[in-house]
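One file, upload.cif, carrying mmCIF, C-alpha atoms:
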```cif
data_run
loop_
_atom_site.label_atom_id
_atom_site.label_comp_id
_atom_site.auth_asym_id
_atom_site.auth_seq_id
_atom_site.Cartn_x
_atom_site.Cartn_y
_atom_site.Cartn_z
CA MET A 1 0.00 0.00 0.00
CA ALA A 2 2.82 2.42 0.89
CA LYS A 3 4.35 1.64 -2.49
CA TYR A 4 1.17 2.79 -4.30
CA ILE A 5 0.96 5.98 -2.22
CA MET A 6 4.56 6.82 -3.14
CA ILE A 7 3.86 6.17 -6.85
CA ILE A 8 0.72 8.35 -6.78
CA THR A 9 2.55 11.10 -4.88
CA ALA A 10 5.43 11.05 -7.36
CA ALA A 11 3.02 11.18 -10.30
CA VAL A 12 1.08 14.11 -8.83
CA CYS A 13 4.32 16.01 -8.10
CA GLY A 14 5.51 15.35 -11.64
CA VAL A 15 2.25 16.70 -13.10
CA PHE A 16 2.42 19.85 -10.98
CA SER A 17 6.08 20.36 -11.87
CA ALA A 18 5.31 20.03 -15.55
CA CYS A 19 2.42 22.50 -15.25
CA ALA A 20 4.62 24.94 -13.38
CA GLN A 21 7.26 24.70 -16.09
CA LYS A 22 4.72 25.48 -18.79
CA THR A 23 3.45 28.45 -16.79
CA ASN A 24 6.96 29.79 -16.26
CA GLU A 25 7.77 29.18 -19.91
CA THR A 26 4.70 31.18 -20.96
CA GLN A 27 5.48 33.94 -18.47
CA ASN A 28 9.03 34.20 -19.77
CA ARG A 29 7.80 34.50 -23.37
CA ASN A 30 5.29 37.29 -22.73
CA PRO A 31 7.81 40.03 -21.83
CA VAL A 32 9.76 39.31 -25.00
CA GLU A 33 6.64 39.42 -27.17
CA SER A 34 5.56 42.59 -25.39
CA THR A 35 8.96 44.19 -25.99
CA ILE A 36 8.86 43.29 -29.67
CA LYS A 37 5.39 44.82 -30.03
CA LYS A 38 6.55 47.99 -28.24
CA GLN A 39 9.54 48.27 -30.57
CA GLN A 40 7.19 48.17 -33.55
CA ILE A 41 5.38 51.29 -32.32
CA MET A 42 7.05 54.28 -33.91
CA ASP A 43 7.18 57.82 -32.55
CA LEU A 44 5.21 60.07 -34.89
CA SER A 45 5.47 63.18 -32.70
CA THR A 46 7.75 64.91 -35.24
CA ILE A 47 4.82 65.10 -37.68
CA THR A 48 3.42 68.53 -36.91
CA ASP A 49 0.36 68.64 -39.17
CA PRO A 50 -2.48 66.93 -37.23
CA GLU A 51 -4.20 65.47 -40.31
CA VAL A 52 -0.95 64.10 -41.72
CA LYS A 53 -0.14 62.59 -38.34
CA MET A 54 -3.54 60.90 -38.07
CA ALA A 55 -3.33 59.68 -41.67
CA VAL A 56 0.14 58.20 -41.07
CA GLU A 57 -1.10 56.57 -37.86
CA ALA A 58 -3.85 54.91 -39.92
CA LEU A 59 -1.30 53.87 -42.57
CA GLN A 60 0.98 52.40 -39.91
CA ALA A 61 -1.93 50.41 -38.44
CA GLY A 62 -3.15 49.26 -41.85
CA ASP A 63 -6.47 50.89 -40.96
CA LYS A 64 -8.93 51.71 -43.74
CA SER A 65 -9.64 55.05 -42.04
CA TRP A 66 -6.58 56.10 -44.11
CA TYR A 67 -8.96 56.74 -47.01
CA SER A 68 -11.10 59.16 -44.96
CA PHE A 69 -8.32 61.76 -44.92
CA PHE A 70 -8.43 62.07 -48.72
CA THR A 71 -10.91 63.45 -51.23
CA GLU A 72 -12.94 60.99 -53.29
CA ASN A 73 -10.40 60.79 -56.13
CA PRO A 74 -7.07 62.25 -55.03
CA VAL A 75 -4.24 62.65 -57.50
CA MET A 76 -1.31 60.41 -56.67
CA THR A 77 2.16 60.07 -58.08
CA ASP A 78 4.72 57.38 -57.35
CA ASP A 79 8.24 58.43 -58.40
CA GLY A 80 6.64 61.04 -60.68
CA ASN A 81 4.28 58.60 -62.40
CA THR A 82 0.55 59.09 -61.93
CA VAL A 83 -1.08 56.06 -60.28
CA ASN A 84 -4.57 55.25 -59.05
CA PHE A 85 -4.68 56.10 -55.34
CA LYS A 86 -7.32 53.54 -54.36
CA SER A 87 -5.77 50.70 -56.34
CA PHE A 88 -2.33 51.49 -55.01
CA PHE A 89 -3.39 51.42 -51.37
CA ALA A 90 -5.72 48.47 -51.84
CA ASN A 91 -2.48 46.53 -52.32
CA ALA A 92 -0.27 48.47 -49.90
CA LEU A 93 -2.44 49.19 -46.85
CA GLY A 94 -1.56 46.83 -44.04
CA LYS A 95 1.56 45.59 -45.82
CA GLU A 96 3.62 48.75 -46.17
CA LYS A 97 4.66 51.28 -43.54
CA PHE A 98 7.24 53.73 -42.33
CA LEU A 99 10.04 52.26 -40.22
CA THR A 100 11.41 55.69 -39.32
CA ILE A 101 10.43 59.31 -39.77
CA ASP A 102 13.70 61.13 -40.40
CA LYS A 103 12.61 64.59 -41.50
CA VAL A 104 9.41 66.65 -41.64
CA GLU A 105 9.12 69.79 -43.80
CA ASN A 106 6.58 72.14 -45.39
CA ASN A 107 4.59 72.75 -42.19
CA GLY A 108 4.30 69.02 -41.56
CA LEU A 109 2.97 68.11 -45.02
CA ASP A 110 6.18 66.50 -46.33
CA ILE A 111 7.64 63.55 -44.48
CA TYR A 112 10.79 61.61 -45.19
CA GLY A 113 11.89 58.30 -43.74
CA ASN A 114 12.69 54.67 -44.25
CA PHE A 115 9.77 52.71 -45.63
CA GLN A 116 9.05 49.02 -45.77
CA ALA A 117 7.38 48.51 -49.14
CA GLY A 118 6.36 44.86 -49.03
CA GLN A 119 7.88 42.89 -51.89
CA TRP A 120 9.89 45.91 -53.03
CA GLY A 121 12.02 46.02 -49.88
CA THR A 122 13.00 48.85 -47.56
CA PHE A 123 14.29 52.21 -48.75
CA PRO A 124 14.20 55.96 -48.02
CA VAL A 125 11.03 57.65 -49.27
CA PHE A 126 9.09 60.90 -49.18
CA PHE A 127 5.35 61.39 -48.80
CA LYS A 128 4.12 64.85 -49.78
CA PHE A 129 0.54 65.56 -48.78
CA HIS A 130 -1.43 68.35 -50.47
CA LYS A 131 -4.51 69.77 -48.68
CA ASN A 132 -7.52 71.38 -50.27
CA SER A 133 -9.41 74.29 -48.72
CA GLU A 134 -11.61 71.86 -46.74
CA GLY A 135 -8.61 70.24 -45.06
CA LYS A 136 -8.74 66.97 -47.00
CA PHE A 137 -5.81 65.69 -48.99
CA ASP A 138 -6.45 65.99 -52.72
CA ARG A 139 -2.98 64.89 -53.80
CA LEU A 140 -0.24 62.60 -52.51
CA ASP A 141 3.20 62.43 -54.07
CA ILE A 142 5.42 59.58 -52.94
CA GLY A 143 8.76 58.37 -54.15
CA GLN A 144 12.25 57.26 -53.32
CA ASN A 145 14.28 59.86 -51.53
CA LYS A 146 17.63 59.75 -53.28
#
```

Structure encoded using structure tokens:
Amino acid sequence: MAKYIMIITAAVCGVFSACAQKTNETQNRNPVESTIKKQQIMDLSTITDPEVKMAVEALQAGDKSWYSFFTENPVMTDDGNTVNFKSFFANALGKEKFLTIDKVENNGLDIYGNFQAGQWGTFPVFFKFHKNSEGKFDRLDIGQNK
């Protein structure tokens, strides 16, 4: 009988030890994941124009509210070539974003930084926002900053 009690006790201790190890393992992983997520959040405080800042926040989050900052059919150029704004961002939104904001000019309407452009890689770019009289963006010029 004592032999069975020892076997049951050992088994129960082993189960609790294994559970404790999994809990500790999970707890150890969470701070790392949390740190990685925090590192992915970029400081946008250098963007001084409030609408540009909110639009870039939406772009960074891959949020469709990005479109609400623009007129119905804004003009868009990519490296000087006219492109369809909606088609372009239908493919880019949620996949492409700024990694750094290095410079802001033109009262906060022009931003420069490193950009992760999905399959195209990472490179320095500019985004130049143009506002209409109602405060919406009616043009966006983007391109490689050489």

Expansion of the PyMOL selection byres ((chain A and resi 107) around 7) into residues, as a list of chain:residue names = A:Thr48, A:Asp49, A:Glu105, A:Asn106, A:Gly108, A:Leu109

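Take the candidates A:Phe129, A:Val52, A:Leu44, A:Phe137 and check each one against Leu99 in chain A using all atoms listed in the file; the shortest distance goes to A:Leu44.
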
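In this structure, CA of Lys64 in chain A sits 17.3 Å away from CA of Met76 in chain A.
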
Using the chain letters and residue numbers of this document, give as a count of residues only the residues selected by the PyMOL selection byres ((chain A and resi 103) around 10).
-> 13

Hey, what comes out of the PyMOL selection byres ((chain A and resi 70) around 9) on this file? Could you write it as an MDAnalysis selection string?
-> chainID A and resid 66:69 71:74 131 135:139

As a check of understanding: the span from CA of Gln144 in chain A to CA of Pro124 in chain A is 5.8 Å

What is the distance between CA of Ser45 in chain A and CA of Asp78 in chain A, in Å to one decimal?
-> 25.3 Å

Point out the residue among A:Met42, A:Ala117, A:Val125, A:Ile142 with the least atom-to-atom distance to Gly94 in chain A, counting all atoms listed in the file.
-> A:Ala117

Selection near Gly62 in chain A, 9 Å with all atoms listed in the file, sequence-local residues under 4 positions removed, as a short mmCIF file (atom, residue, chain, number, x, y, z; two decimals) with C-alpha atoms, keeping the file's coordinate frame:
```cif
data_model
loop_
_atom_site.label_atom_id
_atom_site.label_comp_id
_atom_site.auth_asym_id
_atom_site.auth_seq_id
_atom_site.Cartn_x
_atom_site.Cartn_y
_atom_site.Cartn_z
CA GLU A 57 -1.10 56.57 -37.86
CA ALA A 58 -3.85 54.91 -39.92
CA TRP A 66 -6.58 56.10 -44.11
CA ALA A 92 -0.27 48.47 -49.90
CA LEU A 93 -2.44 49.19 -46.85
CA GLY A 94 -1.56 46.83 -44.04
CA LYS A 95 1.56 45.59 -45.82
CA GLU A 96 3.62 48.75 -46.17
CA LYS A 97 4.66 51.28 -43.54
#
```
